[in-house]
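Asker: My file is work.pdb. It has PDB, N, CA and C atoms:
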```pdb
ATOM      1  N   MET S  10      -0.361 -13.788 -13.738
ATOM      2  CA  MET S  10      -1.162 -13.501 -12.575
ATOM      3  C   MET S  10      -0.396 -12.503 -11.736
ATOM      4  N   SER S  11      -1.003 -11.386 -11.411
ATOM      5  CA  SER S  11      -0.317 -10.377 -10.606
ATOM      6  C   SER S  11      -1.113 -10.069  -9.342
ATOM      7  N   ILE S  12      -0.365  -9.589  -8.342
ATOM      8  CA  ILE S  12      -0.957  -9.207  -7.056
ATOM      9  C   ILE S  12      -0.371  -7.875  -6.637
ATOM     10  N   ALA S  13      -1.197  -7.035  -6.067
ATOM     11  CA  ALA S  13      -0.753  -5.743  -5.527
ATOM     12  C   ALA S  13      -1.320  -5.605  -4.129
ATOM     13  N   TRP S  14      -0.660  -4.804  -3.299
ATOM     14  CA  TRP S  14      -1.131  -4.557  -1.941
ATOM     15  C   TRP S  14      -0.574  -3.234  -1.469
ATOM     16  N   ASP S  15      -1.128  -2.715  -0.402
ATOM     17  CA  ASP S  15      -0.622  -1.504   0.230
ATOM     18  C   ASP S  15       0.430  -1.947   1.233
ATOM     19  N   ALA S  16       1.673  -1.513   1.036
ATOM     20  CA  ALA S  16       2.776  -1.954   1.897
ATOM     21  C   ALA S  16       2.490  -1.709   3.375
ATOM     22  N   GLY S  17       1.721  -0.690   3.702
ATOM     23  CA  GLY S  17       1.398  -0.389   5.089
ATOM     24  C   GLY S  17       0.430  -1.375   5.729
ATOM     25  N   ASP S  18      -0.186  -2.243   4.920
ATOM     26  CA  ASP S  18      -1.155  -3.197   5.449
ATOM     27  C   ASP S  18      -0.515  -4.434   6.074
ATOM     28  N   PHE S  19       0.764  -4.665   5.792
ATOM     29  CA  PHE S  19       1.420  -5.878   6.254
ATOM     30  C   PHE S  19       2.702  -5.535   6.999
ATOM     31  N   PRO S  20       3.222  -6.460   7.821
ATOM     32  CA  PRO S  20       4.404  -6.169   8.636
ATOM     33  C   PRO S  20       5.628  -5.818   7.786
ATOM     34  N   ALA S  21       6.425  -4.906   8.292
ATOM     35  CA  ALA S  21       7.669  -4.533   7.620
ATOM     36  C   ALA S  21       8.565  -5.754   7.500
ATOM     37  N   GLY S  22       9.180  -5.943   6.346
ATOM     38  CA  GLY S  22      10.095  -7.051   6.132
ATOM     39  C   GLY S  22       9.426  -8.403   5.961
ATOM     40  N   ALA S  23       8.128  -8.421   5.672
ATOM     41  CA  ALA S  23       7.372  -9.678   5.569
ATOM     42  C   ALA S  23       7.833 -10.531   4.391
ATOM     43  N   ASP S  24       7.455 -11.812   4.450
ATOM     44  CA  ASP S  24       7.666 -12.746   3.350
ATOM     45  C   ASP S  24       6.330 -12.922   2.627
ATOM     46  N   TYR S  25       6.371 -12.987   1.290
ATOM     47  CA  TYR S  25       5.171 -13.086   0.472
ATOM     48  C   TYR S  25       5.244 -14.327  -0.410
ATOM     49  N   ARG S  26       4.087 -14.945  -0.644
ATOM     50  CA  ARG S  26       4.009 -16.107  -1.541
ATOM     51  C   ARG S  26       2.729 -15.976  -2.358
ATOM     52  N   LEU S  27       2.886 -16.074  -3.676
ATOM     53  CA  LEU S  27       1.757 -16.032  -4.602
ATOM     54  C   LEU S  27       1.759 -17.322  -5.406
ATOM     55  N   CYS S  28       0.621 -18.030  -5.391
ATOM     56  CA  CYS S  28       0.477 -19.247  -6.180
ATOM     57  C   CYS S  28      -0.727 -19.091  -7.105
ATOM     58  N   ALA S  29      -0.529 -19.460  -8.359
ATOM     59  CA  ALA S  29      -1.608 -19.513  -9.342
ATOM     60  C   ALA S  29      -1.636 -20.946  -9.844
ATOM     61  N   ASP S  30      -2.680 -21.668  -9.475
ATOM     62  CA  ASP S  30      -2.735 -23.115  -9.651
ATOM     63  C   ASP S  30      -1.493 -23.717  -8.995
ATOM     64  N   GLN S  31      -0.654 -24.411  -9.721
ATOM     65  CA  GLN S  31       0.514 -25.065  -9.103
ATOM     66  C   GLN S  31       1.811 -24.268  -9.278
ATOM     67  N   VAL S  32       1.730 -23.064  -9.834
ATOM     68  CA  VAL S  32       2.919 -22.231 -10.049
ATOM     69  C   VAL S  32       3.000 -21.213  -8.913
ATOM     70  N   CYS S  33       4.105 -21.252  -8.159
ATOM     71  CA  CYS S  33       4.260 -20.359  -7.004
ATOM     72  C   CYS S  33       5.529 -19.511  -7.145
ATOM     73  N   ARG S  34       5.490 -18.372  -6.490
ATOM     74  CA  ARG S  34       6.652 -17.493  -6.433
ATOM     75  C   ARG S  34       6.707 -16.889  -5.036
ATOM     76  N   ASP S  35       7.908 -16.875  -4.479
ATOM     77  CA  ASP S  35       8.132 -16.288  -3.163
ATOM     78  C   ASP S  35       8.930 -15.012  -3.313
ATOM     79  N   TRP S  36       8.681 -14.088  -2.414
ATOM     80  CA  TRP S  36       9.434 -12.847  -2.392
ATOM     81  C   TRP S  36       9.603 -12.418  -0.941
ATOM     82  N   ARG S  37      10.802 -12.016  -0.587
ATOM     83  CA  ARG S  37      11.089 -11.535   0.764
ATOM     84  C   ARG S  37      11.534 -10.082   0.661
ATOM     85  N   ALA S  38      10.934  -9.244   1.491
ATOM     86  CA  ALA S  38      11.353  -7.840   1.527
ATOM     87  C   ALA S  38      12.835  -7.796   1.898
ATOM     88  N   GLU S  39      13.618  -7.041   1.142
ATOM     89  CA  GLU S  39      15.065  -6.967   1.375
ATOM     90  C   GLU S  39      15.418  -6.235   2.667
ATOM     91  N   THR S  40      14.626  -5.246   2.992
ATOM     92  CA  THR S  40      14.846  -4.482   4.219
ATOM     93  C   THR S  40      13.495  -4.315   4.914
ATOM     94  N   PRO S  41      13.490  -4.046   6.205
ATOM     95  CA  PRO S  41      12.203  -3.888   6.902
ATOM     96  C   PRO S  41      11.323  -2.781   6.331
ATOM     97  N   ASP S  42      11.929  -1.790   5.687
ATOM     98  CA  ASP S  42      11.125  -0.686   5.145
ATOM     99  C   ASP S  42      10.986  -0.765   3.626
ATOM    100  N   ASP S  43      11.205  -1.937   3.033
ATOM    101  CA  ASP S  43      11.081  -2.126   1.593
ATOM    102  C   ASP S  43       9.653  -1.793   1.164
ATOM    103  N   PRO S  44       9.484  -0.829   0.263
ATOM    104  CA  PRO S  44       8.135  -0.380  -0.092
ATOM    105  C   PRO S  44       7.460  -1.182  -1.205
ATOM    106  N   ARG S  45       8.130  -2.199  -1.728
ATOM    107  CA  ARG S  45       7.549  -2.943  -2.852
ATOM    108  C   ARG S  45       6.176  -3.482  -2.485
ATOM    109  N   SER S  46       5.234  -3.331  -3.391
ATOM    110  CA  SER S  46       3.881  -3.796  -3.109
ATOM    111  C   SER S  46       3.217  -4.390  -4.350
ATOM    112  N   PHE S  47       4.012  -5.120  -5.138
ATOM    113  CA  PHE S  47       3.490  -5.712  -6.360
ATOM    114  C   PHE S  47       4.440  -6.807  -6.837
ATOM    115  N   PHE S  48       3.918  -7.925  -7.261
ATOM    116  CA  PHE S  48       4.700  -8.877  -8.034
ATOM    117  C   PHE S  48       3.776  -9.843  -8.747
ATOM    118  N   ARG S  49       4.369 -10.667  -9.596
ATOM    119  CA  ARG S  49       3.550 -11.548 -10.430
ATOM    120  C   ARG S  49       4.151 -12.936 -10.534
ATOM    121  N   VAL S  50       3.296 -13.850 -10.921
ATOM    122  CA  VAL S  50       3.675 -15.218 -11.217
ATOM    123  C   VAL S  50       3.359 -15.431 -12.693
ATOM    124  N   PRO S  51       4.370 -15.762 -13.502
ATOM    125  CA  PRO S  51       4.081 -16.026 -14.918
ATOM    126  C   PRO S  51       3.421 -17.391 -15.090
ATOM    127  N   LEU S  52       2.473 -17.446 -15.981
ATOM    128  CA  LEU S  52       1.784 -18.698 -16.294
ATOM    129  C   LEU S  52       2.057 -19.029 -17.764
ATOM    130  N   PRO S  53       3.209 -19.628 -18.056
ATOM    131  CA  PRO S  53       3.611 -19.831 -19.449
ATOM    132  C   PRO S  53       2.676 -20.730 -20.240
ATOM    133  N   GLU S  54       1.925 -21.578 -19.573
ATOM    134  CA  GLU S  54       1.014 -22.487 -20.272
ATOM    135  C   GLU S  54      -0.375 -21.887 -20.469
ATOM    136  N   ALA S  55      -0.604 -20.675 -20.010
ATOM    137  CA  ALA S  55      -1.932 -20.071 -20.084
ATOM    138  C   ALA S  55      -2.248 -19.628 -21.509
ATOM    139  N   THR S  56      -3.226 -20.272 -22.097
ATOM    140  CA  THR S  56      -3.713 -19.881 -23.418
ATOM    141  C   THR S  56      -5.231 -19.974 -23.384
ATOM    142  N   GLY S  57      -5.844 -18.881 -23.567
ATOM    143  CA  GLY S  57      -7.294 -18.849 -23.556
ATOM    144  C   GLY S  57      -7.870 -18.498 -22.199
ATOM    145  N   GLU S  58      -9.128 -18.114 -22.234
ATOM    146  CA  GLU S  58      -9.831 -17.749 -21.010
ATOM    147  C   GLU S  58     -10.011 -19.006 -20.166
ATOM    148  N   GLN S  59      -9.567 -18.944 -18.916
ATOM    149  CA  GLN S  59      -9.656 -20.107 -18.035
ATOM    150  C   GLN S  59      -9.664 -19.681 -16.571
ATOM    151  N   GLN S  60     -10.197 -20.557 -15.718
ATOM    152  CA  GLN S  60     -10.230 -20.323 -14.279
ATOM    153  C   GLN S  60      -8.903 -20.759 -13.668
ATOM    154  N   VAL S  61      -8.401 -19.945 -12.736
ATOM    155  CA  VAL S  61      -7.159 -20.226 -12.031
ATOM    156  C   VAL S  61      -7.424 -20.039 -10.541
ATOM    157  N   THR S  62      -6.926 -20.966  -9.728
ATOM    158  CA  THR S  62      -7.008 -20.816  -8.282
ATOM    159  C   THR S  62      -5.771 -20.055  -7.821
ATOM    160  N   VAL S  63      -6.011 -18.968  -7.080
ATOM    161  CA  VAL S  63      -4.924 -18.106  -6.624
ATOM    162  C   VAL S  63      -4.896 -18.096  -5.099
ATOM    163  N   ARG S  64      -3.681 -18.222  -4.551
ATOM    164  CA  ARG S  64      -3.488 -18.134  -3.097
ATOM    165  C   ARG S  64      -2.373 -17.129  -2.829
ATOM    166  N   PHE S  65      -2.623 -16.215  -1.893
ATOM    167  CA  PHE S  65      -1.633 -15.208  -1.506
ATOM    168  C   PHE S  65      -1.437 -15.293  -0.004
ATOM    169  N   GLN S  66      -0.170 -15.441   0.407
ATOM    170  CA  GLN S  66       0.161 -15.574   1.823
ATOM    171  C   GLN S  66       1.211 -14.533   2.206
ATOM    172  N   VAL S  67       1.074 -14.022   3.415
ATOM    173  CA  VAL S  67       2.044 -13.095   3.987
ATOM    174  C   VAL S  67       2.408 -13.620   5.369
ATOM    175  N   THR S  68       3.711 -13.700   5.651
ATOM    176  CA  THR S  68       4.156 -14.152   6.969
ATOM    177  C   THR S  68       5.087 -13.128   7.583
ATOM    178  N   ARG S  69       5.067 -13.093   8.904
ATOM    179  CA  ARG S  69       5.943 -12.184   9.646
ATOM    180  C   ARG S  69       7.397 -12.586   9.420
ATOM    181  N   PRO S  70       8.314 -11.593   9.412
ATOM    182  CA  PRO S  70       9.729 -11.913   9.206
ATOM    183  C   PRO S  70      10.334 -12.679  10.377
ATOM    184  N   ALA S  71       9.856 -12.456  11.563
ATOM    185  CA  ALA S  71      10.377 -13.146  12.748
ATOM    186  C   ALA S  71       9.375 -14.209  13.175
ATOM    187  N   GLY S  72       9.778 -15.447  13.134
ATOM    188  CA  GLY S  72       8.906 -16.515  13.575
ATOM    189  C   GLY S  72       8.053 -17.133  12.487
ATOM    190  N   GLY S  73       7.913 -16.485  11.362
ATOM    191  CA  GLY S  73       7.179 -17.048  10.240
ATOM    192  C   GLY S  73       5.689 -17.240  10.447
ATOM    193  N   ARG S  74       5.092 -16.525  11.396
ATOM    194  CA  ARG S  74       3.656 -16.640  11.651
ATOM    195  C   ARG S  74       2.860 -15.977  10.519
ATOM    196  N   SER S  75       1.873 -16.691   9.996
ATOM    197  CA  SER S  75       1.042 -16.166   8.914
ATOM    198  C   SER S  75       0.163 -15.023   9.418
ATOM    199  N   VAL S  76       0.147 -13.931   8.670
ATOM    200  CA  VAL S  76      -0.722 -12.805   9.012
ATOM    201  C   VAL S  76      -1.807 -12.589   7.949
ATOM    202  N   TYR S  77      -1.658 -13.279   6.808
ATOM    203  CA  TYR S  77      -2.640 -13.142   5.729
ATOM    204  C   TYR S  77      -2.544 -14.393   4.869
ATOM    205  N   ASP S  78      -3.660 -15.034   4.610
ATOM    206  CA  ASP S  78      -3.679 -16.238   3.788
ATOM    207  C   ASP S  78      -5.067 -16.332   3.159
ATOM    208  N   ARG S  79      -5.152 -15.987   1.886
ATOM    209  CA  ARG S  79      -6.440 -15.972   1.196
ATOM    210  C   ARG S  79      -6.330 -16.728  -0.123
ATOM    211  N   THR S  80      -7.434 -17.345  -0.509
ATOM    212  CA  THR S  80      -7.518 -18.072  -1.769
ATOM    213  C   THR S  80      -8.779 -17.626  -2.493
ATOM    214  N   THR S  81      -8.693 -17.540  -3.823
ATOM    215  CA  THR S  81      -9.847 -17.187  -4.645
ATOM    216  C   THR S  81      -9.683 -17.777  -6.034
ATOM    217  N   GLN S  82     -10.734 -17.722  -6.809
ATOM    218  CA  GLN S  82     -10.717 -18.127  -8.218
ATOM    219  C   GLN S  82     -10.777 -16.875  -9.080
ATOM    220  N   VAL S  83      -9.976 -16.848 -10.135
ATOM    221  CA  VAL S  83     -10.030 -15.749 -11.095
ATOM    222  C   VAL S  83     -10.111 -16.335 -12.500
ATOM    223  N   THR S  84     -10.588 -15.522 -13.426
ATOM    224  CA  THR S  84     -10.613 -15.910 -14.831
ATOM    225  C   THR S  84      -9.555 -15.116 -15.572
ATOM    226  N   LEU S  85      -8.661 -15.821 -16.258
ATOM    227  CA  LEU S  85      -7.658 -15.145 -17.070
ATOM    228  C   LEU S  85      -8.357 -14.532 -18.280
ATOM    229  N   ARG S  86      -7.988 -13.295 -18.588
ATOM    230  CA  ARG S  86      -8.584 -12.551 -19.699
ATOM    231  C   ARG S  86      -7.507 -12.201 -20.722
ATOM    232  N   LYS S  87      -7.926 -12.065 -21.958
ATOM    233  CA  LYS S  87      -7.018 -11.720 -23.047
ATOM    234  C   LYS S  87      -6.542 -10.275 -22.901
ATOM    235  N   TYR S  88      -5.242 -10.088 -23.116
ATOM    236  CA  TYR S  88      -4.649  -8.759 -23.051
ATOM    237  C   TYR S  88      -3.640  -8.632 -24.181
ATOM    238  N   THR S  89      -3.776  -7.596 -24.995
ATOM    239  CA  THR S  89      -2.849  -7.334 -26.092
ATOM    240  C   THR S  89      -2.238  -5.949 -25.864
ATOM    241  N   PRO S  90      -1.092  -5.891 -25.174
ATOM    242  CA  PRO S  90      -0.511  -4.602 -24.787
ATOM    243  C   PRO S  90      -0.116  -3.717 -25.966
ATOM    244  N   ASN S  91       0.139  -4.303 -27.134
ATOM    245  CA  ASN S  91       0.530  -3.516 -28.311
ATOM    246  C   ASN S  91      -0.608  -3.332 -29.300
ATOM    247  N   GLY S  92      -1.817  -3.657 -28.873
ATOM    248  CA  GLY S  92      -2.990  -3.511 -29.720
ATOM    249  C   GLY S  92      -3.403  -4.828 -30.352
ATOM    250  N   GLU S  93      -4.679  -4.904 -30.684
ATOM    251  CA  GLU S  93      -5.228  -6.115 -31.293
ATOM    252  C   GLU S  93      -4.494  -6.413 -32.604
ATOM    253  N   GLY S  94      -4.126  -7.665 -32.799
ATOM    254  CA  GLY S  94      -3.436  -8.072 -34.019
ATOM    255  C   GLY S  94      -1.923  -7.979 -33.939
ATOM    256  N   CYS S  95      -1.390  -7.429 -32.844
ATOM    257  CA  CYS S  95       0.058  -7.319 -32.660
ATOM    258  C   CYS S  95       0.486  -8.205 -31.483
ATOM    259  N   SER S  96       1.671  -8.741 -31.584
ATOM    260  CA  SER S  96       2.223  -9.566 -30.493
ATOM    261  C   SER S  96       2.640  -8.685 -29.334
ATOM    262  N   PRO S  97       2.644  -9.196 -28.148
ATOM    263  CA  PRO S  97       2.164 -10.508 -27.748
ATOM    264  C   PRO S  97       0.698 -10.469 -27.362
ATOM    265  N   THR S  98       0.104 -11.628 -27.331
ATOM    266  CA  THR S  98      -1.212 -11.810 -26.734
ATOM    267  C   THR S  98      -0.985 -12.628 -25.475
ATOM    268  N   VAL S  99      -1.432 -12.114 -24.343
ATOM    269  CA  VAL S  99      -1.243 -12.811 -23.075
ATOM    270  C   VAL S  99      -2.598 -12.986 -22.396
ATOM    271  N   TRP S 100      -2.647 -13.943 -21.497
ATOM    272  CA  TRP S 100      -3.842 -14.223 -20.705
ATOM    273  C   TRP S 100      -3.477 -13.964 -19.263
ATOM    274  N   GLN S 101      -4.153 -13.019 -18.647
ATOM    275  CA  GLN S 101      -3.749 -12.596 -17.306
ATOM    276  C   GLN S 101      -4.935 -12.175 -16.465
ATOM    277  N   ALA S 102      -4.647 -12.014 -15.172
ATOM    278  CA  ALA S 102      -5.618 -11.499 -14.208
ATOM    279  C   ALA S 102      -4.832 -10.774 -13.134
ATOM    280  N   GLY S 103      -5.474  -9.828 -12.490
ATOM    281  CA  GLY S 103      -4.832  -9.088 -11.413
ATOM    282  C   GLY S 103      -5.729  -9.037 -10.187
ATOM    283  N   LEU S 104      -5.075  -9.073  -9.030
ATOM    284  CA  LEU S 104      -5.783  -8.987  -7.751
ATOM    285  C   LEU S 104      -5.114  -7.962  -6.861
ATOM    286  N   ARG S 105      -5.893  -7.453  -5.923
ATOM    287  CA  ARG S 105      -5.368  -6.583  -4.864
ATOM    288  C   ARG S 105      -5.691  -7.254  -3.541
ATOM    289  N   ALA S 106      -4.668  -7.362  -2.694
ATOM    290  CA  ALA S 106      -4.858  -7.975  -1.376
ATOM    291  C   ALA S 106      -5.281  -6.911  -0.379
ATOM    292  N   ASP S 107      -6.433  -7.114   0.212
ATOM    293  CA  ASP S 107      -6.960  -6.194   1.210
ATOM    294  C   ASP S 107      -7.171  -6.976   2.507
ATOM    295  N   PRO S 108      -6.574  -6.529   3.615
ATOM    296  CA  PRO S 108      -6.691  -7.281   4.881
ATOM    297  C   PRO S 108      -8.146  -7.492   5.317
ATOM    298  N   GLY S 109      -9.004  -6.554   5.081
ATOM    299  CA  GLY S 109     -10.385  -6.668   5.530
ATOM    300  C   GLY S 109     -11.312  -7.332   4.530
ATOM    301  N   GLU S 110     -11.055  -7.159   3.242
ATOM    302  CA  GLU S 110     -11.983  -7.636   2.217
ATOM    303  C   GLU S 110     -11.474  -8.841   1.432
ATOM    304  N   GLY S 111     -10.239  -9.262   1.634
ATOM    305  CA  GLY S 111      -9.721 -10.418   0.923
ATOM    306  C   GLY S 111      -9.047 -10.038  -0.383
ATOM    307  N   LEU S 112      -9.091 -10.943  -1.346
ATOM    308  CA  LEU S 112      -8.480 -10.727  -2.656
ATOM    309  C   LEU S 112      -9.529 -10.156  -3.602
ATOM    310  N   LEU S 113      -9.254  -8.959  -4.100
ATOM    311  CA  LEU S 113     -10.210  -8.242  -4.939
ATOM    312  C   LEU S 113      -9.694  -8.133  -6.369
ATOM    313  N   PRO S 114     -10.568  -8.328  -7.372
ATOM    314  CA  PRO S 114     -10.123  -8.232  -8.759
ATOM    315  C   PRO S 114      -9.709  -6.807  -9.118
ATOM    316  N   VAL S 115      -8.703  -6.729  -9.990
ATOM    317  CA  VAL S 115      -8.239  -5.450 -10.523
ATOM    318  C   VAL S 115      -8.579  -5.449 -12.005
ATOM    319  N   ASP S 116      -9.295  -4.448 -12.465
ATOM    320  CA  ASP S 116      -9.682  -4.343 -13.857
ATOM    321  C   ASP S 116      -8.482  -3.918 -14.684
ATOM    322  N   ARG S 117      -8.135  -4.710 -15.672
ATOM    323  CA  ARG S 117      -6.993  -4.420 -16.565
ATOM    324  C   ARG S 117      -7.438  -3.784 -17.857
ATOM    325  N   GLY S 118      -8.768  -3.547 -17.986
ATOM    326  CA  GLY S 118      -9.344  -3.039 -19.216
ATOM    327  C   GLY S 118      -8.622  -1.930 -19.800
TER
END
```
Let me see whether you can do it: turn the structure in this file into structure tokens.
Answerer:
Amino acid sequence: MSIAWDAGDFPAGADYRLCADQVCRDWRAETPDDPRSFFRVPLPEATGEQQVTVRFQVTRPAGGRSVYDRTTQVTLRKYTPNGEGCSPTVWQAGLRADPGEGLLPVDRG
């Protein structure tokens, strides 16, 4: 499960949390101007097309006040990065966090 966002949409130096079902990952910007705007949560048990509940949270670096907290359902889709019939076969989904529109699907086709 991956998430992307525009670094300019959230406070500099923010803390990020991505959860896919019960698997969560936290990331803290190393510096206030850290431009990173993408990370993922691996789902090692994911096999086959299935629904996953995803929650993405962003909090301010000072005081820990939440500035973004959205939840949605996504369907994991089959992806074969080396072509059909070659390893690995993974099941994944991607989202983009938009402050105004929420969590939007990203086509991996």
Asker: To verify the selection step, state as a ChimeraX atom specification which residues the PyMOL selection byres ((chain S and resi 104) around 8) yields on this input.
Answerer: /S:10-14,102-103,105-107,111-116
Asker: So what does the PyMOL selection byres ((chain S and resi 25) around 5) actually pick up in this one, as an NGL selection string?
Answerer: :S and (23-24 or 26-27 or 35-37 or 66-67)
Asker: Please expand the PyMOL selection byres ((chain S and resi 50-52) around 7) into the concrete residues it hits in this file, giving the result as number ranges by chain.
Answerer: S: 10-12, 27, 29, 32-34, 48-49, 53-56
Asker: I'd like the box whose edges run along x, y and z of the file and which contains every listed atom of region 98-117 of chain S, padded by 8 Å per side; could you state its centre and edge lengths in Å, one decimal, as lines of an AutoDock Vina configuration file?
Answerer:
```
center_x = -5.9
center_y = -9.0
center_z = -10.9
size_x = 28.1
size_y = 26.4
size_z = 48.9
```
Asker: Extract the full set of strand (DSSP E) residues from chain S according to DSSP on the backbone, and format it as a ChimeraX atom specification.
Answerer: /S:11-14,24-29,32-37,47-49,60-68,75-84,86-88,99-101,103-107,111-115
Asker: Can you measure atom C of Arg79 (chain S) to CA of Glu39 (chain S) for me? One decimal in Å is fine.
Answerer: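 Computing the Euclidean distance for atom C of Arg79 (chain S) and CA of Glu39 (chain S) yields 23.6 Å.
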Asker: Every residue with an atom at most 8 Å from (-3.4, -26.2, -13.5) (file coordinates; only C-alpha atoms) is what I'm after, so could you write them as a list in words?
Answerer: Asp30, Gln31 and Val61 of chain S
Asker: Report the distance between atom C of Pro70 (chain S) and atom N of Val83 (chain S) in Å, rounded to one decimal place.
Answerer: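 Separation between atom C of Pro70 (chain S) and atom N of Val83 (chain S): 29.2 Å.
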Asker: For Val99 (chain S), list every protein, DNA or RNA residue within 7 Å, evaluated using all atoms listed in the file, and leave out those in the same chain fewer than 3 positions away; present the list as a list in words.
Answerer: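 Skipping anything fewer than 3 positions along the chain leaves Ala55, Gly57, Arg86, Lys87, Tyr88, Thr89 and Pro90 of chain S.
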Asker: Counting all atoms listed in the file, which of S:Glu58, S:Ala38, S:Gly72, S:Phe19 gets nearest to Gln101 (chain S)?
Answerer: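 Using all atoms listed in the file, Gln101 (chain S) sits closest to S:Glu58.
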Asker: Report the distance between CA of Phe65 (chain S) and CA of Pro44 (chain S) in Å, rounded to one decimal place.
Answerer: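 So the answer is 17.8 Å.
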Asker: When you count only C-alpha atoms, which of these residues is closest to Gly17 (chain S): S:Val63, S:Thr84, S:Glu110, S:Ser46?
Answerer: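 Ranked by minimum distance to Gly17 (chain S), first place goes to S:Ser46.
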Asker: Determine the nearest neighbour of Trp100 (chain S) from the options S:Thr80, S:Arg64, S:Ala16, S:Gln59, counting all atoms listed in the file.
Answerer: S:Gln59
Asker: Find the residue from S:Leu85, S:Pro108, S:Cys28, S:Asn91 that sits nearest to Asp15 (chain S); use only C-alpha atoms when measuring.
Answerer: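 Smallest separation from Asp15 (chain S) among the options: S:Pro108.
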